[in-house]
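Shown below: my_file-v3.cif, with mmCIF, C-alpha atoms.
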```cif
data_final
loop_
_atom_site.label_atom_id
_atom_site.label_comp_id
_atom_site.auth_asym_id
_atom_site.auth_seq_id
_atom_site.Cartn_x
_atom_site.Cartn_y
_atom_site.Cartn_z
CA MET G 86 48.39 12.72 -84.63
CA GLN G 87 45.26 11.41 -82.96
CA GLU G 88 47.04 8.22 -82.01
CA LEU G 89 49.79 10.20 -80.37
CA LEU G 90 47.25 12.18 -78.41
CA ILE G 91 45.44 9.05 -77.20
CA ALA G 92 48.68 7.44 -76.10
CA THR G 93 49.84 10.53 -74.24
CA LEU G 94 46.50 11.11 -72.56
CA THR G 95 46.23 7.44 -71.53
CA LEU G 96 49.66 7.46 -69.97
CA VAL G 97 49.14 10.80 -68.23
CA GLY G 98 45.76 9.69 -66.90
CA PHE G 99 47.21 6.41 -65.71
CA ALA G 100 50.05 8.22 -63.98
CA PHE G 101 47.55 10.54 -62.29
CA VAL G 102 45.52 7.59 -61.00
CA CYS G 103 48.70 5.97 -59.64
CA GLY G 104 49.81 9.23 -58.02
CA GLY G 105 46.42 9.65 -56.39
CA LEU G 106 46.54 6.10 -55.07
CA LEU G 107 49.98 6.63 -53.55
CA GLY G 108 48.94 9.96 -52.07
CA PHE G 109 45.95 8.32 -50.46
CA ALA G 110 48.12 5.47 -49.15
CA SER G 111 50.71 7.85 -47.71
CA ILE G 112 47.98 9.50 -45.62
CA LYS G 113 46.25 6.26 -44.71
CA PHE G 114 49.45 4.43 -43.73
CA LYS G 115 51.23 7.39 -42.21
CA VAL G 116 53.78 6.34 -39.59
CA GLU G 117 53.66 8.53 -36.54
CA GLY G 118 57.08 9.26 -35.08
CA ASN G 119 57.28 9.15 -31.31
CA PRO G 120 56.74 12.83 -30.32
CA ILE G 121 58.59 12.46 -27.00
CA VAL G 122 61.74 11.39 -28.88
CA ASP G 123 61.73 14.66 -30.82
CA GLN G 124 61.25 16.66 -27.63
CA ILE G 125 64.14 14.88 -25.90
CA ASN G 126 66.25 15.33 -29.01
CA GLU G 127 65.65 19.07 -28.89
CA VAL G 128 66.96 19.29 -25.33
CA LEU G 129 70.12 17.32 -26.16
CA PRO G 130 73.04 19.50 -27.28
CA GLN G 131 73.39 17.97 -30.78
CA THR G 132 77.14 17.56 -30.52
CA GLN G 133 76.77 14.04 -31.95
CA CYS G 134 79.81 13.16 -29.83
CA GLY G 135 78.76 9.65 -28.84
CA GLN G 136 80.03 9.99 -25.27
CA CYS G 137 76.72 8.57 -24.04
CA GLY G 138 77.51 5.31 -25.83
CA TYR G 139 75.00 5.85 -28.62
CA PRO G 140 75.94 6.80 -32.18
CA GLY G 141 74.44 10.28 -31.88
CA CYS G 142 71.95 12.50 -30.12
CA LYS G 143 68.86 11.11 -31.85
CA PRO G 144 69.62 7.46 -30.95
CA TYR G 145 70.26 8.54 -27.35
CA ALA G 146 66.94 10.41 -27.35
CA GLN G 147 65.30 7.20 -28.60
CA ALA G 148 67.01 5.23 -25.81
CA ILE G 149 65.92 7.75 -23.15
CA ALA G 150 62.37 7.43 -24.37
CA GLU G 151 62.72 3.69 -23.87
CA GLY G 152 64.06 4.07 -20.34
CA GLU G 153 67.80 4.77 -20.56
CA ALA G 154 69.33 6.95 -17.82
CA ILE G 155 69.25 10.70 -18.49
CA ASN G 156 72.70 11.41 -17.02
CA ARG G 157 74.89 10.18 -19.86
CA CYS G 158 75.35 13.43 -21.73
CA PRO G 159 78.50 15.37 -20.67
CA PRO G 160 78.16 18.20 -23.23
CA GLY G 161 74.64 18.91 -22.00
CA GLY G 162 75.94 19.00 -18.46
CA GLU G 163 73.94 19.63 -15.35
CA ALA G 164 71.56 22.06 -17.04
CA GLY G 165 70.80 19.45 -19.71
CA ILE G 166 70.07 16.76 -17.10
CA LYS G 167 67.80 19.16 -15.22
CA ALA G 168 65.92 20.01 -18.39
CA LEU G 169 65.53 16.31 -19.24
CA ALA G 170 64.34 15.52 -15.70
CA GLU G 171 61.82 18.34 -16.01
CA LEU G 172 60.60 17.11 -19.39
CA LEU G 173 60.29 13.47 -18.35
CA ASP G 174 59.25 14.13 -14.77
CA VAL G 175 61.99 11.96 -13.24
CA GLU G 176 64.63 12.43 -10.55
CA ILE G 177 67.63 14.62 -11.29
CA LEU G 178 70.77 12.45 -11.38
CA ALA G 179 74.42 13.39 -11.17
CA LEU G 180 76.33 13.16 -14.44
CA ASP G 181 77.58 9.63 -15.10
CA GLU G 182 81.35 9.92 -14.71
CA SER G 183 81.98 6.93 -16.97
CA CYS G 184 80.70 8.96 -19.93
CA GLY G 185 83.03 11.90 -19.41
CA GLU G 186 83.20 15.20 -17.61
CA GLU G 187 81.21 18.30 -18.22
CA SER G 188 83.21 21.02 -19.89
CA LEU G 189 82.59 24.46 -21.22
CA PRO G 190 81.69 24.68 -24.89
CA ARG G 191 84.77 24.06 -26.95
CA VAL G 192 85.77 24.17 -30.57
CA ALA G 193 88.38 22.21 -32.47
CA VAL G 194 91.30 24.14 -33.92
CA ILE G 195 93.85 22.53 -36.22
CA ARG G 196 97.42 23.78 -35.95
CA GLU G 197 97.62 24.16 -39.68
CA ASP G 198 101.37 24.18 -40.18
CA GLU G 199 101.63 20.80 -38.46
CA CYS G 200 98.76 19.17 -40.37
CA ILE G 201 99.98 16.47 -42.77
CA GLY G 202 96.68 16.18 -44.64
CA CYS G 203 95.81 12.59 -43.73
CA THR G 204 91.98 13.17 -43.78
CA LYS G 205 91.52 10.99 -40.68
CA CYS G 206 89.88 13.79 -38.70
CA ILE G 207 87.53 14.50 -41.63
CA GLN G 208 86.28 10.92 -41.48
CA ALA G 209 85.84 11.14 -37.71
CA CYS G 210 83.84 14.38 -37.72
CA PRO G 211 80.14 13.62 -37.17
CA VAL G 212 78.96 17.00 -38.48
CA ASP G 213 81.31 17.46 -41.49
CA ALA G 214 82.83 20.57 -39.96
CA ILE G 215 86.36 19.84 -41.23
CA VAL G 216 87.33 20.74 -44.78
CA GLY G 217 90.42 19.60 -46.63
CA ALA G 218 91.68 16.97 -49.05
CA ALA G 219 94.36 14.28 -49.02
CA LYS G 220 97.82 15.82 -48.52
CA GLN G 221 96.25 19.24 -48.27
CA MET G 222 96.04 21.13 -45.03
CA HIS G 223 92.70 20.77 -43.22
CA THR G 224 90.81 23.36 -41.27
CA VAL G 225 87.74 23.49 -39.03
CA ILE G 226 84.63 25.46 -39.83
CA GLU G 227 84.19 26.96 -36.39
CA SER G 228 80.51 27.73 -36.70
CA GLU G 229 79.77 24.06 -37.54
CA CYS G 230 82.05 22.48 -34.91
CA THR G 231 80.19 21.04 -31.93
CA GLY G 232 83.32 20.51 -29.84
CA CYS G 233 82.77 16.77 -29.55
CA ASP G 234 86.48 15.71 -29.35
CA LEU G 235 85.99 12.88 -31.86
CA CYS G 236 88.63 14.28 -34.23
CA VAL G 237 91.36 14.41 -31.58
CA PRO G 238 92.23 10.69 -31.12
CA PRO G 239 92.53 9.82 -34.85
CA CYS G 240 95.04 12.64 -35.57
CA PRO G 241 98.46 10.96 -36.05
CA VAL G 242 100.43 14.16 -35.36
CA ASP G 243 98.26 15.51 -32.53
CA CYS G 244 97.78 18.87 -34.15
CA ILE G 245 94.19 19.43 -33.03
CA ASP G 246 93.55 21.61 -30.00
CA MET G 247 90.24 21.93 -28.20
CA PRO G 248 90.30 25.39 -26.62
CA GLU G 249 87.29 26.51 -24.66
CA ILE G 250 85.24 29.19 -26.32
CA GLU G 251 85.88 32.37 -24.39
CA VAL G 252 82.63 34.16 -23.77
CA THR G 253 83.12 37.86 -24.24
CA ILE G 254 80.76 40.68 -23.54
CA ASP G 255 79.97 40.81 -27.27
CA ASP G 256 78.74 37.26 -27.72
CA TRP G 257 77.30 36.40 -24.32
CA GLN G 258 73.78 34.99 -24.54
CA TRP G 259 71.11 33.86 -22.18
CA PRO G 260 71.10 30.07 -21.99
CA SER G 261 68.62 28.47 -24.36
CA PRO G 262 65.16 28.33 -22.76
CA ALA G 263 64.83 24.70 -23.88
CA LYS G 264 67.80 23.80 -21.68
CA THR G 265 66.81 25.96 -18.74
CA PRO G 266 64.75 24.25 -16.00
CA ALA G 267 61.55 25.97 -15.00
CA ASN G 268 62.88 27.29 -11.66
CA GLU G 269 65.68 29.09 -13.46
CA THR G 270 63.70 30.77 -16.18
CA ILE G 271 64.85 33.96 -17.74
CA PRO G 272 63.59 36.73 -15.47
CA VAL G 273 61.25 38.57 -17.76
CA LYS G 274 59.22 41.30 -16.18
CA VAL G 275 55.91 42.05 -17.81
CA ILE G 276 55.33 45.77 -17.76
CA SER G 277 51.74 46.63 -18.34
CA MET F 287 41.94 -27.24 -62.19
CA SER F 288 44.73 -29.63 -63.14
CA GLU F 289 45.88 -27.04 -65.68
CA VAL F 290 46.32 -24.55 -62.86
CA VAL F 291 48.25 -26.98 -60.67
CA LEU F 292 50.45 -27.94 -63.60
CA LEU F 293 51.16 -24.28 -64.36
CA LEU F 294 52.04 -23.63 -60.72
CA VAL F 295 54.38 -26.62 -60.45
CA SER F 296 56.03 -25.84 -63.74
CA THR F 297 56.71 -22.20 -62.79
CA VAL F 298 57.95 -23.04 -59.32
CA LEU F 299 60.20 -25.96 -60.15
CA VAL F 300 60.75 -26.56 -63.85
CA ASN F 301 60.88 -23.03 -65.25
CA ASN F 302 62.16 -21.50 -62.05
CA PHE F 303 62.63 -17.79 -62.61
CA VAL F 304 66.01 -17.56 -60.97
CA LEU F 305 67.66 -20.85 -61.83
CA ALA F 306 66.17 -21.57 -65.25
CA LYS F 307 65.34 -18.13 -66.65
CA PHE F 308 68.07 -16.20 -64.79
CA LEU F 309 65.75 -13.38 -63.80
CA GLY F 310 65.95 -11.61 -60.44
CA LEU F 311 69.58 -12.48 -59.80
CA CYS F 312 70.29 -9.18 -58.03
CA PRO F 313 68.26 -9.85 -54.87
CA PHE F 314 69.20 -13.54 -55.19
CA MET F 315 72.83 -12.57 -54.62
CA GLY F 316 72.23 -9.46 -52.53
CA VAL F 317 69.78 -10.51 -49.81
CA SER F 318 70.82 -14.11 -49.34
CA SER F 319 73.47 -13.77 -46.66
CA ARG F 320 71.02 -14.37 -43.79
CA VAL F 321 67.96 -16.59 -43.75
CA GLU F 322 65.74 -14.12 -41.84
CA THR F 323 66.33 -11.32 -44.35
CA ALA F 324 65.87 -13.79 -47.19
CA VAL F 325 62.48 -14.85 -45.79
CA GLY F 326 61.43 -11.20 -45.47
CA MET F 327 62.56 -10.40 -48.98
CA ALA F 328 60.83 -13.50 -50.29
CA ALA F 329 57.56 -12.48 -48.62
CA ALA F 330 57.76 -8.91 -49.94
CA THR F 331 58.61 -10.09 -53.44
CA THR F 332 55.80 -12.66 -53.41
CA PHE F 333 53.32 -9.95 -52.50
CA VAL F 334 54.64 -7.52 -55.11
CA LEU F 335 54.95 -10.11 -57.87
CA THR F 336 51.41 -11.40 -57.45
CA LEU F 337 49.94 -7.93 -57.24
CA ALA F 338 52.07 -6.68 -60.14
CA SER F 339 50.99 -9.51 -62.42
CA VAL F 340 47.34 -8.77 -61.63
CA ALA F 341 47.85 -5.03 -62.19
CA SER F 342 49.72 -5.52 -65.43
CA TYR F 343 47.10 -7.96 -66.74
CA LEU F 344 44.34 -5.46 -66.02
CA ILE F 345 46.27 -2.60 -67.58
CA ASN F 346 47.13 -4.60 -70.65
CA ASN F 347 43.65 -6.01 -71.26
CA PHE F 348 41.48 -3.06 -70.33
CA ILE F 349 43.59 -0.03 -71.24
CA LEU F 350 46.35 -0.88 -73.69
CA GLU F 351 44.71 -3.56 -75.88
CA PRO F 352 41.42 -1.74 -76.60
CA LEU F 353 43.28 1.45 -77.47
CA GLY F 354 45.87 -0.40 -79.57
CA LEU F 355 48.72 0.86 -77.41
CA GLY F 356 50.64 -2.40 -77.14
CA TYR F 357 53.90 -0.53 -77.58
CA LEU F 358 53.39 1.19 -74.20
CA GLN F 359 53.51 -2.14 -72.34
CA ILE F 360 56.97 -1.81 -70.81
CA LEU F 361 56.45 1.80 -69.80
CA SER F 362 53.09 1.33 -68.14
CA PHE F 363 54.08 -1.99 -66.53
CA ILE F 364 57.09 -0.33 -64.90
CA LEU F 365 54.86 2.48 -63.69
CA ALA F 366 52.39 -0.01 -62.21
CA ILE F 367 55.18 -2.05 -60.59
CA ALA F 368 56.75 1.06 -59.06
CA VAL F 369 53.39 2.04 -57.58
CA VAL F 370 52.81 -1.45 -56.17
CA VAL F 371 56.29 -1.48 -54.63
CA GLN F 372 55.84 1.94 -53.11
CA PHE F 373 52.50 0.87 -51.73
CA THR F 374 54.03 -2.29 -50.25
CA GLU F 375 56.79 -0.23 -48.68
CA MET F 376 54.26 2.01 -46.96
CA VAL F 377 52.25 -0.96 -45.70
CA ILE F 378 55.36 -2.73 -44.37
CA HIS F 379 56.63 0.48 -42.77
CA LYS F 380 53.33 0.79 -40.97
CA SER F 381 52.80 -2.84 -40.05
CA SER F 382 56.30 -4.18 -39.36
CA PRO F 383 59.08 -1.65 -38.66
CA VAL F 384 61.53 -4.47 -37.91
CA LEU F 385 61.02 -6.05 -41.32
CA TYR F 386 61.20 -2.56 -42.84
CA ARG F 387 64.62 -1.98 -41.29
CA LEU F 388 65.83 -5.48 -42.24
CA LEU F 389 64.86 -5.14 -45.90
CA GLY F 390 66.27 -1.62 -46.11
CA ILE F 391 67.37 -0.71 -49.60
CA PHE F 392 66.19 -3.99 -51.12
CA LEU F 393 62.54 -3.09 -50.75
CA PRO F 394 62.63 -0.21 -53.26
CA LEU F 395 64.95 -2.37 -55.33
CA ILE F 396 62.08 -4.81 -56.00
CA THR F 397 61.06 -2.19 -58.58
CA THR F 398 64.12 -3.03 -60.62
CA ASN F 399 63.90 -6.76 -59.95
CA CYS F 400 63.73 -7.97 -63.53
CA ALA F 401 61.65 -10.99 -62.48
CA VAL F 402 58.74 -8.65 -61.75
CA LEU F 403 58.77 -7.01 -65.16
CA GLY F 404 59.62 -10.40 -66.65
CA VAL F 405 56.45 -11.97 -65.26
CA ALA F 406 54.33 -9.09 -66.54
CA LEU F 407 55.78 -9.31 -70.05
CA LEU F 408 55.74 -13.13 -70.19
CA ASN F 409 52.09 -13.09 -69.15
CA VAL F 410 51.31 -11.02 -72.22
CA ASN F 411 53.63 -13.05 -74.42
CA GLN F 412 52.09 -16.38 -73.48
CA ALA F 413 48.55 -14.97 -73.66
CA HIS F 414 47.59 -16.03 -70.17
CA ASN F 415 44.06 -15.30 -68.99
CA PHE F 416 43.35 -13.56 -65.68
CA ILE F 417 43.53 -16.66 -63.45
CA GLU F 418 46.57 -17.96 -65.26
CA SER F 419 48.28 -14.59 -64.85
CA ILE F 420 47.77 -14.64 -61.11
CA ILE F 421 48.97 -18.25 -60.87
CA TYR F 422 51.97 -17.50 -63.06
CA GLY F 423 52.92 -14.46 -60.95
CA PHE F 424 52.37 -16.31 -57.70
CA GLY F 425 54.25 -19.38 -58.96
CA ALA F 426 57.17 -17.25 -60.09
CA ALA F 427 57.25 -15.62 -56.66
CA LEU F 428 57.04 -18.99 -54.90
CA GLY F 429 59.90 -20.33 -57.00
CA PHE F 430 61.92 -17.21 -56.30
CA SER F 431 61.21 -17.49 -52.56
CA LEU F 432 62.09 -21.18 -52.52
CA VAL F 433 65.51 -20.80 -54.14
CA LEU F 434 66.25 -17.57 -52.26
CA VAL F 435 65.66 -19.18 -48.87
CA LEU F 436 67.49 -22.37 -49.87
CA PHE F 437 70.39 -20.32 -51.17
CA ALA F 438 70.51 -18.21 -48.01
CA ALA F 439 70.60 -21.36 -45.90
CA ILE F 440 73.47 -22.74 -47.99
CA ARG F 441 75.36 -19.44 -47.74
CA GLU F 442 75.02 -19.44 -43.96
CA ARG F 443 76.76 -22.82 -44.00
CA ILE F 444 79.40 -21.57 -46.42
CA ALA F 445 80.13 -18.60 -44.14
CA VAL F 446 81.58 -20.97 -41.54
CA ALA F 447 83.16 -23.37 -44.03
CA ASP F 448 86.85 -23.32 -44.89
CA VAL F 449 86.67 -21.92 -48.42
CA PRO F 450 89.98 -21.49 -50.31
CA GLN F 451 90.89 -17.84 -50.50
CA PRO F 452 90.44 -17.30 -54.27
CA PHE F 453 86.88 -18.65 -53.99
CA GLN F 454 85.74 -16.63 -50.99
CA GLY F 455 82.80 -14.25 -51.24
CA ALA F 456 80.98 -13.76 -54.54
CA ALA F 457 82.93 -16.50 -56.34
CA ILE F 458 81.73 -19.36 -54.15
CA ALA F 459 78.22 -17.85 -54.12
CA LEU F 460 78.07 -17.91 -57.93
CA ILE F 461 79.42 -21.45 -58.05
CA THR F 462 76.79 -22.50 -55.50
CA ALA F 463 74.09 -20.83 -57.58
CA GLY F 464 75.36 -22.69 -60.62
CA LEU F 465 75.22 -26.02 -58.79
CA MET F 466 71.70 -25.24 -57.59
CA SER F 467 70.73 -24.47 -61.16
CA LEU F 468 72.12 -27.85 -62.24
CA ALA F 469 70.17 -29.55 -59.47
CA PHE F 470 66.97 -27.84 -60.58
CA MET F 471 67.56 -29.13 -64.11
CA GLY F 472 66.56 -32.47 -62.62
CA PHE F 473 62.99 -31.18 -62.58
CA ALA F 474 62.94 -30.75 -66.37
CA GLY F 475 60.47 -33.20 -67.86
CA LEU F 476 58.43 -33.30 -64.65
CA VAL F 477 55.67 -31.32 -66.32
CA LYS F 478 54.96 -31.21 -70.04
CA LEU F 479 52.73 -28.30 -71.04
#
```

So that I can check it, write out the structure of this file as structure tokens.
Amino acid sequence: MQELLIATLTLVGFAFVCGGLLGFASIKFKVEGNPIVDQINEVLPQTQCGQCGYPGCKPYAQAIAEGEAINRCPPGGEAGIKALAELLDVEILALDESCGEESLPRVAVIREDECIGCTKCIQACPVDAIVGAAKQMHTVIESECTGCDLCVPPCPVDCIDMPEIEVTIDDWQWPSPAKTPANETIPVKVIS
Amino acid sequence: MSEVVLLLVSTVLVNNFVLAKFLGLCPFMGVSSRVETAVGMAAATTFVLTLASVASYLINNFILEPLGLGYLQILSFILAIAVVVQFTEMVIHKSSPVLYRLLGIFLPLITTNCAVLGVALLNVNQAHNFIESIIYGFGAALGFSLVLVLFAAIRERIAVADVPQPFQGAAIALITAGLMSLAFMGFAGLVKL
């Protein structure tokens, strides 16, 4: 019994020492992320569409921080470029036409009776917003879809539509403050 | 002193961990497709192996032996190795992000590199003292690095060679490893301990 206790205690104590050492090292050798990259990433629309030529919004944010042009993001549009210019204190540029055109927010819709269940759009979706299995009909989770268009080209039967999201009086919102430049802030009146 | 040199030469060349003892074959096959990655992996493994053999010697002689807990060797050695690897990962992440990205998954995989645990257990088995343990660990790592880099260089040549289809990929790599092992048999008898 005593032997068992000694063995257990030794191992537990040893594990504690190791854990403490690693905890100390994780603080001592902490790698600071670049804070500006996170700020840029917050302004970007997170469609992960890749129209800027980078594999997603975070890599583009990284590239902007390293000096890439700020006008390569069609989903963010003019407001996004303004917000980026504001954040980085650079000139406002016109949207780079080679990356695509600005469009209203859209969402993918699969015409379900035409879907043959090939799963190609599922593999293309950067945010896993399409559900379905091989030879089963697929459908889009609308709330997850970023409207990035990436699922449209792979579809062999062209059954994916990208309708614009109609803004109705029920779901209209002020634009996000993060994407609104300072001279267009939400007019809030302070009543004292 | 000559003992130490003999031990080093014998572990690096004669009893090479990869080609004579067949330990650590996973990174030997996995990280050897490019020389730069192989060099990085070799450096990381050298660091971990040397440190792990020191740590395991200390644990064995100052904790396990006095308490008569020899049966906990494997368990506590693996724990110590995992900690050393994790520590190395943090240091590399801090000091060289490029190397960190190059090594990728293989860095944590050093934990399960059987050469590392093999060195720790063989140190105990052969009753090495502290200096000998360090030399043995370092020698094993040097031998591993040597054949890993050599093998990576050969594989870079093979990549552009006209290999018959049935032999492409892993097959030709294993055959190459076998031939290297044969070549290293030429070192047998170089050192008699």

Please provide as a list of chain:residue names all residues within 6 Å of range 180-196 of chain G, with the sequence filter that same-chain residues fewer than 4 positions apart are discarded (counting all atoms listed in the file).
-> G:Gln136, G:Cys137, G:Asn156, G:Arg157, G:Pro159, G:Pro160, G:Gly162, G:Thr224, G:Cys230, G:Gly232, G:Cys244, G:Ile245, G:Asp246, G:Met247, G:Pro248, G:Glu249, G:Ile250

Resulting file, chosen residues, C-alpha atoms, as an mmCIF file, in the coordinates of the input:
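What ended up in out.cif:
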```cif
data_model
loop_
_atom_site.group_PDB
_atom_site.id
_atom_site.type_symbol
_atom_site.label_atom_id
_atom_site.label_comp_id
_atom_site.auth_asym_id
_atom_site.auth_seq_id
_atom_site.Cartn_x
_atom_site.Cartn_y
_atom_site.Cartn_z
ATOM 1 C CA GLN G 136 80.030 9.990 -25.270
ATOM 2 C CA CYS G 137 76.720 8.570 -24.040
ATOM 3 C CA ASN G 156 72.700 11.410 -17.020
ATOM 4 C CA ARG G 157 74.890 10.180 -19.860
ATOM 5 C CA PRO G 159 78.500 15.370 -20.670
ATOM 6 C CA PRO G 160 78.160 18.200 -23.230
ATOM 7 C CA GLY G 162 75.940 19.000 -18.460
ATOM 8 C CA THR G 224 90.810 23.360 -41.270
ATOM 9 C CA CYS G 230 82.050 22.480 -34.910
ATOM 10 C CA GLY G 232 83.320 20.510 -29.840
ATOM 11 C CA CYS G 244 97.780 18.870 -34.150
ATOM 12 C CA ILE G 245 94.190 19.430 -33.030
ATOM 13 C CA ASP G 246 93.550 21.610 -30.000
ATOM 14 C CA MET G 247 90.240 21.930 -28.200
ATOM 15 C CA PRO G 248 90.300 25.390 -26.620
ATOM 16 C CA GLU G 249 87.290 26.510 -24.660
ATOM 17 C CA ILE G 250 85.240 29.190 -26.320
#
```

Hey, what comes out of the PyMOL selection byres ((chain F) within 12 of (chain G)) on this file? Could you write it as a VMD selection string?
-> chain F and resid 341 345 348 to 383

Any chance you could work out the residue set of the PyMOL selection byres ((chain G and resi 206) around 10) here, as a ChimeraX atom specification?
-> /G:195,202-205,207-211,213-217,223-225,235-241,245

Report as a ChimeraX atom specification the residues that result from applying the PyMOL selection byres ((chain F and resi 322) around 10) to the structure here.
-> /F:317-321,323-328,385,388-389,435,438-439

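When CA of Ala447 in chain F is paired with CA of Gly464 in chain F, their separation reads 18.3 Å.
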
Between CA of Ala427 in chain F and CA of Gly105 in chain G, measure the distance and give it in Å to one decimal.
->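 Separation of CA of Ala427 in chain F and CA of Gly105 in chain G: 27.5 Å.
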
Please, what distance in Å, to one decimal, runs between CA of Gln258 in chain G and CA of Gln133 in chain G?
-> 22.4 Å

Could you tell me which of F:Ala457, F:Leu408, F:Val384, F:Val304 comes closest to Leu432 in chain F if we count only C-alpha atoms?
->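 Among F:Ala457, F:Leu408, F:Val384, F:Val304, it is F:Val304 that comes nearest to Leu432 in chain F.
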
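Comparing the minimum interatomic distances between Val433 in chain F and each of F:Val402, F:Ile458, F:Leu337, F:Ala463, counting all atoms listed in the file, we find that F:Ala463 sits nearest.
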
Need the shell around Thr132 in chain G: protein/DNA/RNA residues with any atom at most 7 Å away, counting all atoms listed in the file. Skip same-chain ones fewer than 2 positions apart. Format as an mmCIF file with C-alpha atoms, in the coordinates of the input?
```cif
data_model
loop_
_atom_site.group_PDB
_atom_site.id
_atom_site.type_symbol
_atom_site.label_atom_id
_atom_site.label_comp_id
_atom_site.auth_asym_id
_atom_site.auth_seq_id
_atom_site.Cartn_x
_atom_site.Cartn_y
_atom_site.Cartn_z
ATOM 1 C CA PRO G 130 73.040 19.500 -27.280
ATOM 2 C CA CYS G 134 79.810 13.160 -29.830
ATOM 3 C CA THR G 231 80.190 21.040 -31.930
ATOM 4 C CA GLY G 232 83.320 20.510 -29.840
ATOM 5 C CA CYS G 233 82.770 16.770 -29.550
#
```

Protein and nucleic acid residues near (69.8, -20.5, -59.8) (cut-off 10 Å, all atoms listed in the file) as a list in words = Asn302, Phe303, Val304, Leu305, Ala306, Lys307, Phe308, Leu309, Gly310, Leu311, Phe314, Met315, Phe430, Val433, Leu434, Phe437, Leu460, Ile461, Thr462, Ala463, Gly464, Leu465, Met466, Ser467, Leu468, Ala469, Phe470 and Met471 of chain F

So which one's closest to Trp259 in chain G, G:Met222, G:Val102, G:Val273, G:Leu173? Using all atoms listed in the file, please.
->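 Closest to Trp259 in chain G, using all atoms listed in the file: G:Val273.
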
To box range 354-368 of chain F, take all atoms listed in the file, fit an axis-aligned box, add 6 Å on each side, and give centre and edge lengths in Å to one decimal, as AutoDock Vina command-line options.
```
--center_x 51.5 --center_y 0.0 --center_z -69.3 --size_x 23.2 --size_y 16.9 --size_z 32.5
```

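Distances to Gly404 in chain F were evaluated for F:Pro313, F:Gly423, F:Gly455, F:Gly472 using all atoms listed in the file, and the minimum falls at F:Gly423.
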
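Among the candidates G:Val212, G:Ala146, G:Ala154, G:Ala179, the one nearest to Ile121 in chain G when counting all atoms listed in the file is G:Ala146.
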
Nearest to Ser342 in chain F among F:Leu476, F:Val298, F:Ile420, F:Cys400, with distances taken over only C-alpha atoms: which residue is it?
->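 Between F:Leu476, F:Val298, F:Ile420, F:Cys400, the residue approaching Ser342 in chain F most closely is F:Ile420.
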
Find the residues near Gly475 in chain F: any atom within 12 Å, counting only C-alpha atoms, skip ones fewer than 3 places away on the same chain, and give them as a list in words.
->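 Skipping anything fewer than 3 positions along the chain leaves Val295, Ser296, Leu299, Val300, Asn301, Phe470, Met471, Gly472, Lys478 and Leu479 of chain F.
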
Would you put the residues from that selection into a file with C-alpha atoms, as a CSV table (one decimal), in the coordinates of the input?
```
chain,number,residue,atom,x,y,z
F,295,VAL,CA,54.4,-26.6,-60.4
F,296,SER,CA,56.0,-25.8,-63.7
F,299,LEU,CA,60.2,-26.0,-60.2
F,300,VAL,CA,60.8,-26.6,-63.8
F,301,ASN,CA,60.9,-23.0,-65.2
F,470,PHE,CA,67.0,-27.8,-60.6
F,471,MET,CA,67.6,-29.1,-64.1
F,472,GLY,CA,66.6,-32.5,-62.6
F,478,LYS,CA,55.0,-31.2,-70.0
F,479,LEU,CA,52.7,-28.3,-71.0
```
